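Below: the structure, in structure tokens.
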Protein chains: 2
Amino acid sequence: MRASQTATRDPEQKREAILDAALELFADRGFHGTSIPDLAERAKVAAGTIYRYFASKEALVNAVYQREKMALAKALVPKDMSTSARLMLHAFFVAACRYARERPLSLAFLEHHHHKDYLDQASRDLEQRMFAPALIFLRQAQEQMAVKKCEPEMLIALVWGMFNGLVRGHEEKRFALDPKALAEAEECIWQAIRA
Amino acid sequence: MRASQTATRDPEQKREAILDAALELFADRGFHGTSIPDLAERAKVAAGTIYRYFASKEALVNAVYQREKMALAKALVPKDMSTSARLMLHAFFVAACRYARERPLSLAFLEHHHHKDYLDQASRDLEQRMFAPALIFLRQAQEQMAVKKCEPEMLIALVWGMFNGLVRGHEEKRFALDPKALAEAEECIWQAIRA
DNA sequence: CTTTGCGGAATGAACGTTCACTCCGTGCTT
DNA sequence: AAGCACGGAGTGAACGTTCATTCCGCAAAG
């Protein structure tokens with residue numbers, strides 16, 4: 001087994017093109033609303049080629065899900081858990097807003113395909129790995145009397161729910177999100193969870 | 001002349017049976033994931049019968065959307081806007097939780113089909129009629145220094161986002177929602193928006 | 001020349017929708 | 001009172017289309 005010597009035609013690049021096209025189409029038409037021929041056209045490959053890289057449409061959507069979920073997790077995971085709860089929330093909020101701005105399709109896709117029945121176990125498992133660091137941090141912060149002593153899972157649901165509401169309202173142009181509005185929103189979130 | 005025969009023959013009841021089946025299936029499989037034959041079987045009618053009541057699958061999903069959105073609006077609209085902001089939030093929260101408990105499929109359907117491109121203008125217009133009373137009340141409360149002076153649309157997005165996060169987390173069994181947890185969640189929401 | 005992997009037509013299943021028909025309650029005729 | 005003709009709701013097989021997936025010929029790489 002030699003290292004990849006096919007430099008002229010990079011198969012990895014084609015795979016990425018298919019994943020990118022799938023992200024776009026699945027994000028705004030959903031899984032069942034997207035056809036393989038449409039997908040092939042967007043990725044600029046033939047329909048049959050997709051099956052060289054992915055066993056089925058389901059396998060493809062799972063590959064997209066796992067790629068995007070890991071990208072989101074990587075973008076949100078804190079570098080340093082030793083600061084105050086307030087600063088941690090700030091870091092989370094800034095990172096989440098940056099991700100929403102830079103990869104809006106990723107967020108839309110993940111929101112749209114959350115907990116769907118065609119997702120396999122590997123995809124589902126990523127959910128918990130994602131929230132694990134936040135959970136640990138929240139328990140710490142609760143002991144230091146920095147945040148409310150509710151079920152930490154519930155606090156995460158509330159914070160993530162607020163962030164989602166913000167993103168959705170902004171996408172629907174119901175309100176603008178200039179720096180002032182963002183700062184106000186961040187403060188709302190902090191007030192919601194602080195002790 | 002039998003009761004069951006008369007019941008089956010009532011056209012309004014058949015229409016409702018189709019709408020009920022559509023609510024269930026659309027809520028958990030989505031629009032494109034639900035087929036007319038499946039729908040017909042669930043509603044206990046023949047496929048062709050559905051087209052006696054609705055012009056197309058799109059017309060059907062719009063009929064379901066409008067019925068459920070109006071039911072939600074009716075359940076959430078406040079009886080009396082002259083109390084304090086805190087009590088208004090309490091009334092909203094109790095009503096929303098009651099709706100989530102009694103009609104979970106309705107909430108799932110509305111969340112799932114929010115702003116989809118197969119929804120017609122009439123369906124879209126219901127969205128704004130829904131938030132209008134809340135907007136008026138929020139502006140009042142802001143003048144009385146009871147809630148934060150942010151964009152009211154943003155406050156609505158945050159509150160509704162928290163409620164959605166709560167419902168979703170509960171449905172996924174990530175945490176329990178006993179009366180104590182509900183009271184804590186309500187307090188979080190209040191702290192998020194209070195002045 | 002052999003090997004490899006892509007393109008795109010071919011395939012059968014399943015889709016939304018239609019339509020010729022059945023069935024039954026109702027009211028008119030006798 | 002009984003029979004008949006009518007109208008419209010309900011049916012489900014059939015239609016043309018589109019789907020996910022397969023397959024084979026070809027073009028380029030080794």
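Ordered as shown in the structure tokens, chains take letters A, B, and onward, while each chain numbers its residues from 1 and ligands are numbered from 1 in the order shown.
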
Requested in this report: Give me every helix (DSSP H, G or I) residue in chain B, going by DSSP on the backbone, as a PyMOL selection string.
Outcome: chain B and resi 3-9+11-29+36-43+47-53+57-76+85-102+104-112+121-143+152-171+179-193

Would you put the residues from that selection into a file with C-alpha atoms, as a short mmCIF file (atom, residue, chain, number, x, y, z; two decimals), in the first residue's frame?
```
data_model
loop_
_atom_site.label_atom_id
_atom_site.label_comp_id
_atom_site.auth_asym_id
_atom_site.auth_seq_id
_atom_site.Cartn_x
_atom_site.Cartn_y
_atom_site.Cartn_z
CA ALA B 3 -74.54 5.79 14.53
CA SER B 4 -71.20 4.54 13.24
CA GLN B 5 -72.41 4.73 9.68
CA THR B 6 -73.65 8.28 10.11
CA ALA B 7 -70.39 9.20 11.81
CA THR B 8 -68.29 7.83 8.97
CA ARG B 9 -70.42 9.64 6.46
CA PRO B 11 -67.84 14.91 5.47
CA GLU B 12 -66.49 17.39 8.02
CA GLN B 13 -65.33 14.54 10.21
CA LYS B 14 -63.51 12.93 7.29
CA ARG B 15 -61.78 16.20 6.53
CA GLU B 16 -60.63 16.39 10.14
CA ALA B 17 -59.44 12.78 10.03
CA ILE B 18 -57.26 13.63 7.03
CA LEU B 19 -55.91 16.75 8.74
CA ASP B 20 -55.17 14.77 11.92
CA ALA B 21 -53.32 12.07 10.00
CA ALA B 22 -51.40 14.72 8.08
CA LEU B 23 -50.40 16.46 11.33
CA GLU B 24 -49.01 13.22 12.74
CA LEU B 25 -47.09 12.12 9.68
CA PHE B 26 -45.82 15.53 8.57
CA ALA B 27 -44.69 16.22 12.16
CA ASP B 28 -42.41 13.25 12.36
CA ARG B 29 -41.37 12.57 8.77
CA ILE B 36 -50.05 10.29 0.05
CA PRO B 37 -50.63 6.50 0.25
CA ASP B 38 -49.21 6.46 3.82
CA LEU B 39 -51.36 9.43 4.70
CA ALA B 40 -54.46 7.79 3.27
CA GLU B 41 -53.84 4.62 5.24
CA ARG B 42 -53.40 6.54 8.50
CA ALA B 43 -56.58 8.54 7.86
CA ALA B 47 -55.79 7.97 -1.67
CA GLY B 48 -58.22 9.52 -4.11
CA THR B 49 -60.49 10.74 -1.32
CA ILE B 50 -57.83 13.14 -0.07
CA TYR B 51 -58.12 14.99 -3.37
CA ARG B 52 -61.86 15.53 -2.79
CA TYR B 53 -60.93 17.70 0.20
CA LYS B 57 -50.37 17.75 -1.12
CA GLU B 58 -49.19 21.36 -0.82
CA ALA B 59 -52.71 22.61 -0.15
CA LEU B 60 -53.03 19.96 2.54
CA VAL B 61 -49.83 20.92 4.36
CA ASN B 62 -50.92 24.56 4.25
CA ALA B 63 -54.31 23.66 5.71
CA VAL B 64 -52.62 21.78 8.55
CA TYR B 65 -50.19 24.65 9.12
CA GLN B 66 -52.94 27.23 9.34
CA ARG B 67 -55.10 25.13 11.62
CA GLU B 68 -52.24 24.44 14.03
CA LYS B 69 -50.83 27.95 13.98
CA MET B 70 -54.22 29.40 14.83
CA ALA B 71 -54.68 26.86 17.61
CA LEU B 72 -51.30 27.86 19.05
CA ALA B 73 -52.08 31.57 18.74
CA LYS B 74 -55.40 31.08 20.48
CA ALA B 75 -53.75 29.14 23.30
CA LEU B 76 -51.05 31.76 23.86
CA ALA B 85 -44.72 42.11 32.92
CA ARG B 86 -43.72 39.37 35.36
CA LEU B 87 -47.26 38.04 35.60
CA MET B 88 -47.71 38.26 31.85
CA LEU B 89 -44.60 36.16 31.33
CA HIS B 90 -45.93 33.68 33.87
CA ALA B 91 -49.25 33.44 32.03
CA PHE B 92 -47.44 32.97 28.72
CA PHE B 93 -45.13 30.32 30.12
CA VAL B 94 -47.93 28.33 31.74
CA ALA B 95 -50.03 28.51 28.56
CA ALA B 96 -47.11 27.49 26.37
CA CYS B 97 -46.22 24.54 28.62
CA ARG B 98 -49.84 23.44 28.68
CA TYR B 99 -49.96 23.55 24.89
CA ALA B 100 -46.70 21.59 24.63
CA ARG B 101 -48.11 18.93 26.95
CA GLU B 102 -51.53 18.67 25.34
CA PRO B 104 -47.00 17.97 21.26
CA LEU B 105 -47.48 17.04 17.61
CA SER B 106 -48.77 20.50 16.82
CA LEU B 107 -45.66 22.14 18.24
CA ALA B 108 -43.37 19.66 16.47
CA PHE B 109 -45.18 20.22 13.18
CA LEU B 110 -44.99 24.01 13.43
CA GLU B 111 -41.33 23.93 14.38
CA HIS B 112 -40.53 21.51 11.58
CA GLN B 121 -48.67 33.55 1.65
CA ALA B 122 -51.68 32.94 3.90
CA SER B 123 -49.60 30.55 6.01
CA ARG B 124 -46.73 33.01 6.19
CA ASP B 125 -48.96 35.88 7.21
CA LEU B 126 -50.14 34.00 10.29
CA GLU B 127 -46.66 34.34 11.75
CA GLN B 128 -46.88 38.10 12.15
CA ARG B 129 -50.46 38.09 13.41
CA MET B 130 -49.21 35.77 16.09
CA PHE B 131 -46.48 38.00 17.47
CA ALA B 132 -48.35 41.28 17.17
CA PRO B 133 -49.97 41.25 20.65
CA ALA B 134 -46.68 40.26 22.26
CA LEU B 135 -44.93 43.15 20.51
CA ILE B 136 -47.47 45.69 21.74
CA PHE B 137 -47.20 44.41 25.27
CA LEU B 138 -43.41 44.37 25.24
CA ARG B 139 -43.22 48.02 24.16
CA GLN B 140 -45.54 48.96 27.00
CA ALA B 141 -43.44 47.03 29.48
CA GLN B 142 -40.29 48.70 28.18
CA GLU B 143 -41.73 52.15 28.80
CA PRO B 152 -38.66 43.83 21.08
CA GLU B 153 -38.47 41.38 18.14
CA MET B 154 -35.18 40.18 19.54
CA LEU B 155 -36.64 39.65 23.00
CA ILE B 156 -39.41 37.56 21.49
CA ALA B 157 -36.85 35.49 19.58
CA LEU B 158 -34.90 34.89 22.79
CA VAL B 159 -37.94 33.93 24.87
CA TRP B 160 -39.40 31.68 22.21
CA GLY B 161 -35.95 30.18 21.62
CA MET B 162 -35.61 29.31 25.30
CA PHE B 163 -39.04 27.73 25.31
CA ASN B 164 -38.19 25.68 22.23
CA GLY B 165 -34.90 24.56 23.74
CA LEU B 166 -36.78 23.46 26.84
CA VAL B 167 -39.35 21.47 24.87
CA ARG B 168 -36.75 19.83 22.68
CA GLY B 169 -34.46 18.89 25.54
CA HIS B 170 -37.41 17.43 27.38
CA GLU B 171 -38.56 15.41 24.37
CA PRO B 179 -42.83 21.61 38.57
CA LYS B 180 -39.61 22.67 40.28
CA ALA B 181 -37.60 22.60 37.04
CA LEU B 182 -40.38 24.47 35.25
CA ALA B 183 -40.38 27.20 37.88
CA GLU B 184 -36.59 27.49 37.56
CA ALA B 185 -36.83 27.69 33.78
CA GLU B 186 -39.50 30.38 34.01
CA GLU B 187 -37.26 32.37 36.33
CA CYS B 188 -34.35 32.05 33.87
CA ILE B 189 -36.53 33.43 31.10
CA TRP B 190 -37.66 36.30 33.29
CA GLN B 191 -34.11 37.18 34.29
CA ALA B 192 -33.14 37.19 30.63
CA ILE B 193 -35.59 39.94 29.72
#
```

Query - range 6-18 of chain D environment, 10 Å, only C-alpha atoms (C1' of nucleotides), sequence neighbours closer than 5 positions dropped, as a PyMOL selection string - result: (chain A and resi 35) or (chain B and resi 9+11+45-50+52) or (chain C and resi 14-19+21-28)

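With chain B held fixed and chain A fitted to it over all Cα atoms, the RMSD is 3.1 Å.
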
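The gap separating C1' of DC26 in chain D from C1' of DT4 in chain C is 11.5 Å, in Å to one decimal.
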
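CA of Glu151 in chain A is positioned 7.3 Å from CA of Phe175 in chain B.
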
Report task. Skip DT29 in chain C itself and residues of its chain fewer than 4 positions away, then list as a count of residues only all residues within 10 Å of it, counting only C-alpha atoms (C1' of nucleotides). Result -> 3

Pull out every residue of chain D that has at least one atom within 10 Å of chain A, counting only C-alpha atoms (C1' of nucleotides), and report them as a PDB file with C-alpha atoms (C1' of nucleotides), in the first residue's frame.
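Output file iface_23.pdb follows:
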```pdb
ATOM      1  C1'  DT D  18     -39.086  11.216 -10.901  1.00  0.00           C
ATOM      2  C1'  DC D  19     -36.534   8.845  -7.623  1.00  0.00           C
ATOM      3  C1'  DA D  20     -32.241   6.137  -5.783  1.00  0.00           C
ATOM      4  C1'  DT D  21     -29.265   3.055  -7.520  1.00  0.00           C
ATOM      5  C1'  DT D  22     -26.776   0.064 -11.065  1.00  0.00           C
ATOM      6  C1'  DC D  23     -24.111  -0.857 -14.955  1.00  0.00           C
ATOM      7  C1'  DA D  29      -2.897   6.737 -16.336  1.00  0.00           C
TER       8       DA D  29
END
```

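Nearest to chain C of all the residues B:Phe54, B:Arg103, B:Asp80, B:Lys44 is B:Phe54, based on only C-alpha atoms (C1' of nucleotides).
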
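You will find CA of Ala195 in chain B at 5.4 Å from CA of Ala146 in chain B.
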
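The closest residue to chain B, picked from A:Gln144, A:Arg174, A:Tyr118, A:Lys79 and counting only C-alpha atoms, is A:Arg174.
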
Query - Neighbour list for DG25 in chain D as a PyMOL selection string, cut-off 12 Å, only C-alpha atoms (C1' of nucleotides), skip fewer than 5 positions in-chain - result: chain C and resi 6-9
